[in-house]
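*Asks:* Mind having a look at this structure? Questions to follow.
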Amino acid sequence: MTDSWVNSAEILGSDLPLELSGTGNRRALLMAALREAVRSGRLAPGTRLPPYRSLAADLGLARNTVADAYAELVAEGWLAARQGSGTRVAERAVPVTPVHRPRTPERPARPVHDLVQGQPDPSVFPRTAWLASARRALAAAPDDAFGPGDPHGRPELRRALAGYLARVRGVRAAPERIVLCSGAAHGLRLLAEVVGGPWAAEEYGLPFHRELLASHGVGTRPLGVDADGARVDGLTRRDRAVLLTPAHQFPTGGPLHPARRAAVVDWARSTGGLVVEDDYDGEFRYDRQPVGAVQGLDPEHVVLVGSVSKSLSPALRIGWMVLPQRLVAPVVAAKGEREQFSSATEQLTLADFVESGAYDRQVRRMRQRHRRRRDQLVAALERRAPHVRVTGIAAGLHAVVELPPGTERSAVRAAAWQGLAVEGLGDYLHPGAEHPSRATLVPHRDGLVVGYATPAESAYPEALEALCRSLPPVSPPVPAPPPPPAAP
């Protein structure tokens with residue numbers, strides 16, 4: 001055991017001052033940091049801690065705060081205190097695995113910049129307009145809105161959505177065909193229970209959706225994806241349903257070709273299968289008007305699934321399914337006798353938000369913001385990394401940056417060292433897509449899925465700089481072999 005004590009940085013690591021400067025109980029934060037230091041092996045058994053007065057002075061805490069933390073950790077068995085010996089890390093029956101510190105600079109403990117796809121900037125939520133809708137909705141709400149709730153969802157919101165989706169997305173449905181849910185994932189869960197499997201799914205897509213279906217006994221098999229969207233010619237009679245993102249293939253970025261839109265509807269009609277259309281960001285097209293939903297081609301064989309998670313906020317937990325008539329009753333039965341998932345008051349607020357025109361205004365505002373963000377991304381890459389390119393149509397909340405073959409993983413690691421959170425395209429590939437048995441096997445494309453919607457306005461330029469620093473350099477040209485020596 002050592003006679004001198006370690007300093008606060010050795011005990012707690014470089015992140016502790018940041019952690020302790022936040023809001024919350026300082027004693028609890030200090031105790032958590034000390035436990036983690038012991039658990040990780042940064043503080044070995046027998047290590048002598050500084051007197052509580054010294055540590056309090058180092059960290060800018062009250063002496064009693066540190067003294068109380070020491071006392072509680074002694075009582076929990078993390079520390080040991082003896083008269084004349086000070087406070088030490090307790091000897092433990094099970095040794096803690098020591099930390100092997102790398103010689104290279106440490107990776108930032110948490111990302112500084114966030115370019116992960118899927119979430120709008122929470123600071124742009126329309127609080128004033130939402131509050132005004134909430135006041136109007138509550139003032140006009142009927143008494144039954146405060147009862148158990150209909151699993152179909154509030155009729156006010158279903159009427160508002162029917163009109164909006166018909167006008168903006170070309171959807172053909174009466175309010176009676178709309179069932180509200182807590183988001184796209186909840187809708188898929190209900191459809192899996194009602195429809196059963198197996199399903200086909202695009203080879204690039206959200207792993208969470210595939211895992212969710214699998215957890216409900218519905219396996220998925222991959223359909224190839226190219227510049228024209230999903231290869232729907234790979235569908236068979238055995239498939240009960242197909243999960244597609246026709247407006248803007250997620251995450252590769254292309255729309256489903258008109259011929260394939262017609263072909264998938266023909267498949268559903270001839271086999272009795274179901275097309276599940278995930279309309280996750282169909283409103284955000286920047287180079288032209290949004291393409292109408294596939295549901296408009298055949299409402300009896302297509303389910304449109306949508307939500308406000310991209311247009312407003314994922315915190316609202318409001319989504320919808322526009323269903324064929326034959327599925328309305330089974331889906332409502334699977335949901336339960338009462339509304340358990342979406343707040344009736346938030347449904348009423350959203351209904352007013354849509355009917356007052358505030359939703360249209362917010363979508364237009366976000367469309368302009370996201371288009372500007374995407375243009376900034378393209379311009380930064382043209383300036384700093386002209387050897388890579390942005391693929392897919394100008395739409396949505398993310399773009400794919402195509403990389404040279406074999407460089408995706410190294411680019412993701414380089415981004416992490418830059419303090420940048422970003423995902424590789426391979427993270428979204430279906431596990432069965434590269435199986436050797438696939439006749440249409442296509443080599444995995446290297447790329448980064450860059451979400452440009454999340455960062456605050458002031459932080460976005462720095463995030464783009466970190467992205468450009470993470471990209472692989474231009475490969476030097478391979479020199480031509482020297483000419484053969486001249487014949488004597």
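Residue names in the structure tokens use chain letters A, B, ... in the order shown, residue numbers from 1 in each chain, and ligand numbers from 1 in the order shown.
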Using the chain letters and numbers from this document, which residues of segment 228-310 of chain A does DSSP assign to alpha helix (DSSP H), as a ChimeraX atom specification?
*Replies:* /A:258-271
*Asks:* Going by DSSP on the backbone, which bits of segment 196-344 of chain A are strand (DSSP E or B)? Write them as a ChimeraX atom specification, please.
*Replies:* /A:199-202,204,220-223,225-226,229-230,241-244,274-278,285,302-307,319-322
*Asks:* Please compute the atom CA of Ser311 of chain A-atom CA of Ser356 of chain A distance, one decimal, in Å.
*Replies:*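 According to the coordinates, atom CA of Ser311 of chain A and atom CA of Ser356 of chain A are separated by 16.1 Å.
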*Asks:* For Pro198 of chain A, please output as a list of chain:residue names all residues within 9 Å (counting only C-alpha atoms; exclusion window: fewer than 4 positions along the same chain).
*Replies:*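 The filter keeps A:Gly217, A:Val218, A:Gly219, A:Thr220, A:Arg221, A:Arg238, A:Asp239, A:Arg240, A:Ala241, A:Val242.
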*Asks:* Extract, using only C-alpha atoms, all DNA, RNA and protein residues at most 9 Å from Ala137 of chain A, discarding same-chain residues fewer than 4 positions from it, and format them as a list in words.
*Replies:*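 Residues near the query, excluding close chain neighbours: Ala132, Ser133, Ala141, Thr345, Glu346, Leu348, Thr349, Leu350, Ala351 and Asp352 of chain A.
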*Asks:* Could you tell me which of A:Ala75, A:Val354, A:Ala433, A:Ala37 comes closest to Ala129 of chain A if we count only C-alpha atoms?
*Replies:*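 Between A:Ala75, A:Val354, A:Ala433, A:Ala37, the residue approaching Ala129 of chain A most closely is A:Val354.
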*Asks:* Could you pull the residues within 8 Å of segment 367-378 of chain A, counting only C-alpha atoms, minus those fewer than 5 positions along the same chain, as an MDAnalysis selection string?
*Replies:* chainID A and resid 284:286 389:390 394:399 452:453 464
*Asks:* Can those selected residues be exported to a file as a JSON list (two decimals), in the first residue's frame so that it contains C-alpha atoms?
*Replies:*
```
[["chain", "number", "residue", "atom", "x", "y", "z"],
["A", 284, "PHE", "CA", -39.41, 16.16, -47.11],
["A", 285, "ARG", "CA", -38.53, 16.27, -50.81],
["A", 286, "TYR", "CA", -36.39, 19.23, -51.88],
["A", 389, "ARG", "CA", -20.00, 12.07, -53.28],
["A", 390, "VAL", "CA", -23.47, 12.32, -51.79],
["A", 394, "ALA", "CA", -32.47, 15.52, -52.30],
["A", 395, "ALA", "CA", -34.88, 14.48, -49.57],
["A", 396, "GLY", "CA", -35.24, 13.48, -45.94],
["A", 397, "LEU", "CA", -33.14, 14.17, -42.87],
["A", 398, "HIS", "CA", -30.00, 12.30, -43.91],
["A", 399, "ALA", "CA", -27.74, 11.60, -46.87],
["A", 452, "TYR", "CA", -27.90, 16.63, -40.97],
["A", 453, "ALA", "CA", -31.05, 17.54, -39.03],
["A", 464, "LEU", "CA", -19.14, 19.18, -41.08]]
```
*Asks:* I'd like the neighbourhood of segment 287-302 of chain A as an MDAnalysis selection string, where a residue qualifies if any of its atoms comes within 8 Å (using only C-alpha atoms), though same-chain residues fewer than 4 positions away should be ignored.
*Replies:* chainID A and resid 168:173 246:247 261:262 265 268:269 272:277 279 282:283 323:326 393:395
*Asks:* When you look at Phe353 of chain A with a cut-off of 12 Å (counting only C-alpha atoms), what residues show up, excluding the ones that are within fewer than 2 positions of it in the same chain? I need them as a PDB file with N, CA, C and O atoms, in the first residue's frame.
*Replies:*
```
ATOM      1  N   PRO A 126     -42.080  23.651 -32.519  1.00  0.00           N
ATOM      2  CA  PRO A 126     -42.894  24.882 -32.519  1.00  0.00           C
ATOM      3  C   PRO A 126     -43.685  25.041 -31.228  1.00  0.00           C
ATOM      4  O   PRO A 126     -44.908  24.874 -31.199  1.00  0.00           O
ATOM      5  N   ARG A 127     -43.019  25.415 -30.180  1.00  0.00           N
ATOM      6  CA  ARG A 127     -43.645  25.428 -28.852  1.00  0.00           C
ATOM      7  C   ARG A 127     -44.827  26.398 -28.774  1.00  0.00           C
ATOM      8  O   ARG A 127     -45.869  26.071 -28.203  1.00  0.00           O
ATOM      9  N   THR A 128     -44.655  27.592 -29.314  1.00  0.00           N
ATOM     10  CA  THR A 128     -45.728  28.591 -29.205  1.00  0.00           C
ATOM     11  C   THR A 128     -46.977  28.133 -29.948  1.00  0.00           C
ATOM     12  O   THR A 128     -48.105  28.192 -29.407  1.00  0.00           O
ATOM     13  N   ALA A 129     -46.795  27.649 -31.184  1.00  0.00           N
ATOM     14  CA  ALA A 129     -47.947  27.191 -31.965  1.00  0.00           C
ATOM     15  C   ALA A 129     -48.574  25.956 -31.334  1.00  0.00           C
ATOM     16  O   ALA A 129     -49.811  25.807 -31.326  1.00  0.00           O
ATOM     17  N   TRP A 130     -47.732  25.062 -30.802  1.00  0.00           N
ATOM     18  CA  TRP A 130     -48.271  23.856 -30.164  1.00  0.00           C
ATOM     19  C   TRP A 130     -49.079  24.223 -28.915  1.00  0.00           C
ATOM     20  O   TRP A 130     -50.154  23.662 -28.668  1.00  0.00           O
ATOM     21  N   LEU A 131     -48.579  25.162 -28.142  1.00  0.00           N
ATOM     22  CA  LEU A 131     -49.287  25.588 -26.939  1.00  0.00           C
ATOM     23  C   LEU A 131     -50.624  26.223 -27.295  1.00  0.00           C
ATOM     24  O   LEU A 131     -51.640  25.980 -26.629  1.00  0.00           O
ATOM     25  N   ALA A 132     -50.650  27.015 -28.359  1.00  0.00           N
ATOM     26  CA  ALA A 132     -51.913  27.622 -28.790  1.00  0.00           C
ATOM     27  C   ALA A 132     -52.917  26.556 -29.206  1.00  0.00           C
ATOM     28  O   ALA A 132     -54.114  26.635 -28.861  1.00  0.00           O
ATOM     29  N   SER A 133     -52.451  25.536 -29.922  1.00  0.00           N
ATOM     30  CA  SER A 133     -53.347  24.435 -30.298  1.00  0.00           C
ATOM     31  C   SER A 133     -53.826  23.676 -29.084  1.00  0.00           C
ATOM     32  O   SER A 133     -54.993  23.258 -29.013  1.00  0.00           O
ATOM     33  N   ALA A 134     -52.951  23.469 -28.122  1.00  0.00           N
ATOM     34  CA  ALA A 134     -53.335  22.742 -26.908  1.00  0.00           C
ATOM     35  C   ALA A 134     -54.435  23.490 -26.156  1.00  0.00           C
ATOM     36  O   ALA A 134     -55.401  22.884 -25.664  1.00  0.00           O
ATOM     37  N   ARG A 135     -54.306  24.794 -26.073  1.00  0.00           N
ATOM     38  CA  ARG A 135     -55.329  25.584 -25.373  1.00  0.00           C
ATOM     39  C   ARG A 135     -56.673  25.498 -26.089  1.00  0.00           C
ATOM     40  O   ARG A 135     -57.715  25.303 -25.460  1.00  0.00           O
ATOM     41  N   ARG A 136     -56.641  25.657 -27.411  1.00  0.00           N
ATOM     42  CA  ARG A 136     -57.907  25.574 -28.163  1.00  0.00           C
ATOM     43  C   ARG A 136     -58.509  24.176 -28.060  1.00  0.00           C
ATOM     44  O   ARG A 136     -59.731  24.020 -27.892  1.00  0.00           O
ATOM     45  N   ALA A 137     -57.645  23.143 -28.172  1.00  0.00           N
ATOM     46  CA  ALA A 137     -58.148  21.769 -28.146  1.00  0.00           C
ATOM     47  C   ALA A 137     -58.764  21.428 -26.799  1.00  0.00           C
ATOM     48  O   ALA A 137     -59.836  20.800 -26.722  1.00  0.00           O
ATOM     49  N   GLU A 156     -61.357  13.216 -33.878  1.00  0.00           N
ATOM     50  CA  GLU A 156     -60.937  14.525 -34.375  1.00  0.00           C
ATOM     51  C   GLU A 156     -59.610  14.417 -35.136  1.00  0.00           C
ATOM     52  O   GLU A 156     -59.444  15.019 -36.213  1.00  0.00           O
ATOM     53  N   LEU A 157     -58.659  13.660 -34.583  1.00  0.00           N
ATOM     54  CA  LEU A 157     -57.366  13.528 -35.244  1.00  0.00           C
ATOM     55  C   LEU A 157     -57.466  12.647 -36.480  1.00  0.00           C
ATOM     56  O   LEU A 157     -56.823  12.929 -37.501  1.00  0.00           O
ATOM     57  N   ALA A 160     -58.760  14.821 -39.205  1.00  0.00           N
ATOM     58  CA  ALA A 160     -57.752  15.775 -39.655  1.00  0.00           C
ATOM     59  C   ALA A 160     -56.683  15.086 -40.503  1.00  0.00           C
ATOM     60  O   ALA A 160     -56.247  15.621 -41.536  1.00  0.00           O
ATOM     61  N   LEU A 161     -56.260  13.900 -40.092  1.00  0.00           N
ATOM     62  CA  LEU A 161     -55.233  13.168 -40.842  1.00  0.00           C
ATOM     63  C   LEU A 161     -55.753  12.707 -42.198  1.00  0.00           C
ATOM     64  O   LEU A 161     -55.011  12.735 -43.193  1.00  0.00           O
ATOM     65  N   TYR A 164     -55.541  15.698 -44.451  1.00  0.00           N
ATOM     66  CA  TYR A 164     -54.151  16.098 -44.716  1.00  0.00           C
ATOM     67  C   TYR A 164     -53.447  15.092 -45.621  1.00  0.00           C
ATOM     68  O   TYR A 164     -52.783  15.472 -46.591  1.00  0.00           O
ATOM     69  N   VAL A 308     -45.282  11.556 -36.503  1.00  0.00           N
ATOM     70  CA  VAL A 308     -44.784  12.927 -36.448  1.00  0.00           C
ATOM     71  C   VAL A 308     -43.354  12.983 -35.912  1.00  0.00           C
ATOM     72  O   VAL A 308     -42.852  14.051 -35.592  1.00  0.00           O
ATOM     73  N   LEU A 312     -42.221  16.707 -36.390  1.00  0.00           N
ATOM     74  CA  LEU A 312     -42.375  17.481 -35.151  1.00  0.00           C
ATOM     75  C   LEU A 312     -41.380  17.023 -34.097  1.00  0.00           C
ATOM     76  O   LEU A 312     -40.397  17.695 -33.830  1.00  0.00           O
ATOM     77  N   GLU A 346     -52.986  15.001 -26.335  1.00  0.00           N
ATOM     78  CA  GLU A 346     -52.017  15.278 -27.397  1.00  0.00           C
ATOM     79  C   GLU A 346     -52.613  14.976 -28.770  1.00  0.00           C
ATOM     80  O   GLU A 346     -52.303  15.667 -29.755  1.00  0.00           O
ATOM     81  N   GLN A 347     -53.463  13.959 -28.852  1.00  0.00           N
ATOM     82  CA  GLN A 347     -54.147  13.697 -30.116  1.00  0.00           C
ATOM     83  C   GLN A 347     -55.040  14.882 -30.498  1.00  0.00           C
ATOM     84  O   GLN A 347     -55.070  15.299 -31.663  1.00  0.00           O
ATOM     85  N   LEU A 348     -55.771  15.411 -29.530  1.00  0.00           N
ATOM     86  CA  LEU A 348     -56.625  16.566 -29.810  1.00  0.00           C
ATOM     87  C   LEU A 348     -55.797  17.789 -30.204  1.00  0.00           C
ATOM     88  O   LEU A 348     -56.171  18.546 -31.094  1.00  0.00           O
ATOM     89  N   THR A 349     -54.660  17.952 -29.535  1.00  0.00           N
ATOM     90  CA  THR A 349     -53.783  19.073 -29.876  1.00  0.00           C
ATOM     91  C   THR A 349     -53.256  18.943 -31.297  1.00  0.00           C
ATOM     92  O   THR A 349     -53.233  19.911 -32.061  1.00  0.00           O
ATOM     93  N   LEU A 350     -52.838  17.736 -31.674  1.00  0.00           N
ATOM     94  CA  LEU A 350     -52.325  17.537 -33.034  1.00  0.00           C
ATOM     95  C   LEU A 350     -53.434  17.766 -34.062  1.00  0.00           C
ATOM     96  O   LEU A 350     -53.182  18.319 -35.139  1.00  0.00           O
ATOM     97  N   ALA A 351     -54.652  17.345 -33.735  1.00  0.00           N
ATOM     98  CA  ALA A 351     -55.766  17.578 -34.659  1.00  0.00           C
ATOM     99  C   ALA A 351     -55.936  19.068 -34.922  1.00  0.00           C
ATOM    100  O   ALA A 351     -56.082  19.512 -36.071  1.00  0.00           O
ATOM    101  N   GLU A 355     -55.380  21.105 -38.489  1.00  0.00           N
ATOM    102  CA  GLU A 355     -56.494  21.822 -39.105  1.00  0.00           C
ATOM    103  C   GLU A 355     -56.279  23.336 -39.118  1.00  0.00           C
ATOM    104  O   GLU A 355     -56.833  24.027 -39.983  1.00  0.00           O
ATOM    105  N   SER A 356     -55.497  23.857 -38.206  1.00  0.00           N
ATOM    106  CA  SER A 356     -55.236  25.299 -38.175  1.00  0.00           C
ATOM    107  C   SER A 356     -54.204  25.725 -39.207  1.00  0.00           C
ATOM    108  O   SER A 356     -53.987  26.928 -39.404  1.00  0.00           O
ATOM    109  N   GLY A 357     -53.536  24.762 -39.850  1.00  0.00           N
ATOM    110  CA  GLY A 357     -52.485  25.075 -40.811  1.00  0.00           C
ATOM    111  C   GLY A 357     -51.104  25.161 -40.200  1.00  0.00           C
ATOM    112  O   GLY A 357     -50.109  25.349 -40.923  1.00  0.00           O
ATOM    113  N   ALA A 358     -51.006  25.022 -38.874  1.00  0.00           N
ATOM    114  CA  ALA A 358     -49.696  25.121 -38.222  1.00  0.00           C
ATOM    115  C   ALA A 358     -48.780  23.966 -38.621  1.00  0.00           C
ATOM    116  O   ALA A 358     -47.558  24.154 -38.727  1.00  0.00           O
ATOM    117  N   TYR A 359     -49.365  22.803 -38.862  1.00  0.00           N
ATOM    118  CA  TYR A 359     -48.539  21.661 -39.268  1.00  0.00           C
ATOM    119  C   TYR A 359     -47.921  21.909 -40.647  1.00  0.00           C
ATOM    120  O   TYR A 359     -46.726  21.654 -40.857  1.00  0.00           O
ATOM    121  N   ASP A 360     -48.708  22.420 -41.587  1.00  0.00           N
ATOM    122  CA  ASP A 360     -48.172  22.756 -42.910  1.00  0.00           C
ATOM    123  C   ASP A 360     -47.045  23.773 -42.796  1.00  0.00           C
ATOM    124  O   ASP A 360     -46.015  23.659 -43.473  1.00  0.00           O
ATOM    125  N   ARG A 361     -47.237  24.783 -41.956  1.00  0.00           N
ATOM    126  CA  ARG A 361     -46.203  25.803 -41.806  1.00  0.00           C
ATOM    127  C   ARG A 361     -44.928  25.214 -41.216  1.00  0.00           C
ATOM    128  O   ARG A 361     -43.810  25.561 -41.648  1.00  0.00           O
ATOM    129  N   GLN A 362     -45.067  24.317 -40.249  1.00  0.00           N
ATOM    130  CA  GLN A 362     -43.885  23.702 -39.653  1.00  0.00           C
ATOM    131  C   GLN A 362     -43.148  22.820 -40.663  1.00  0.00           C
ATOM    132  O   GLN A 362     -41.917  22.824 -40.722  1.00  0.00           O
ATOM    133  N   VAL A 363     -43.893  22.062 -41.465  1.00  0.00           N
ATOM    134  CA  VAL A 363     -43.258  21.219 -42.477  1.00  0.00           C
ATOM    135  C   VAL A 363     -42.517  22.076 -43.498  1.00  0.00           C
ATOM    136  O   VAL A 363     -41.390  21.753 -43.899  1.00  0.00           O
TER     137      VAL A 363
END
```
*Asks:* Go through A:Leu244, A:Ala185, A:Val112, A:Leu43 and flag the residue nearest Glu462 of chain A, using only C-alpha atoms for the distances.
*Replies:*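 Under the stated criterion, the closest residue is A:Val112.
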*Asks:* My list of candidates is A:Ala214, A:Leu467, A:Leu316, A:Val124. Which is closest to Arg365 of chain A when distances are computed with only C-alpha atoms?
*Replies:* A:Val124
*Asks:* Per residue of segment 67-183 of chain A within 9 Å of segment 329-343 of chain A, which atom pair is closest and at what distance in Å (one decimal), using only C-alpha atoms, listed by chain and increasing number, as a Markdown table?
*Replies:*
```
| residue | atom | partner | partner_atom | distance |
| --- | --- | --- | --- | --- |
| A:Pro148 | CA | A:Arg338 | CA | 6.0 |
| A:Gly149 | CA | A:Glu339 | CA | 4.9 |
| A:Asp150 | CA | A:Glu339 | CA | 5.4 |
| A:Pro151 | CA | A:Glu339 | CA | 4.4 |
| A:His152 | CA | A:Val332 | CA | 6.3 |
| A:Gly153 | CA | A:Glu339 | CA | 7.0 |
| A:Val179 | CA | A:Val332 | CA | 7.4 |
| A:Leu180 | CA | A:Ser342 | CA | 8.0 |
| A:Cys181 | CA | A:Ser342 | CA | 6.7 |
| A:Ser182 | CA | A:Ser342 | CA | 5.6 |
```
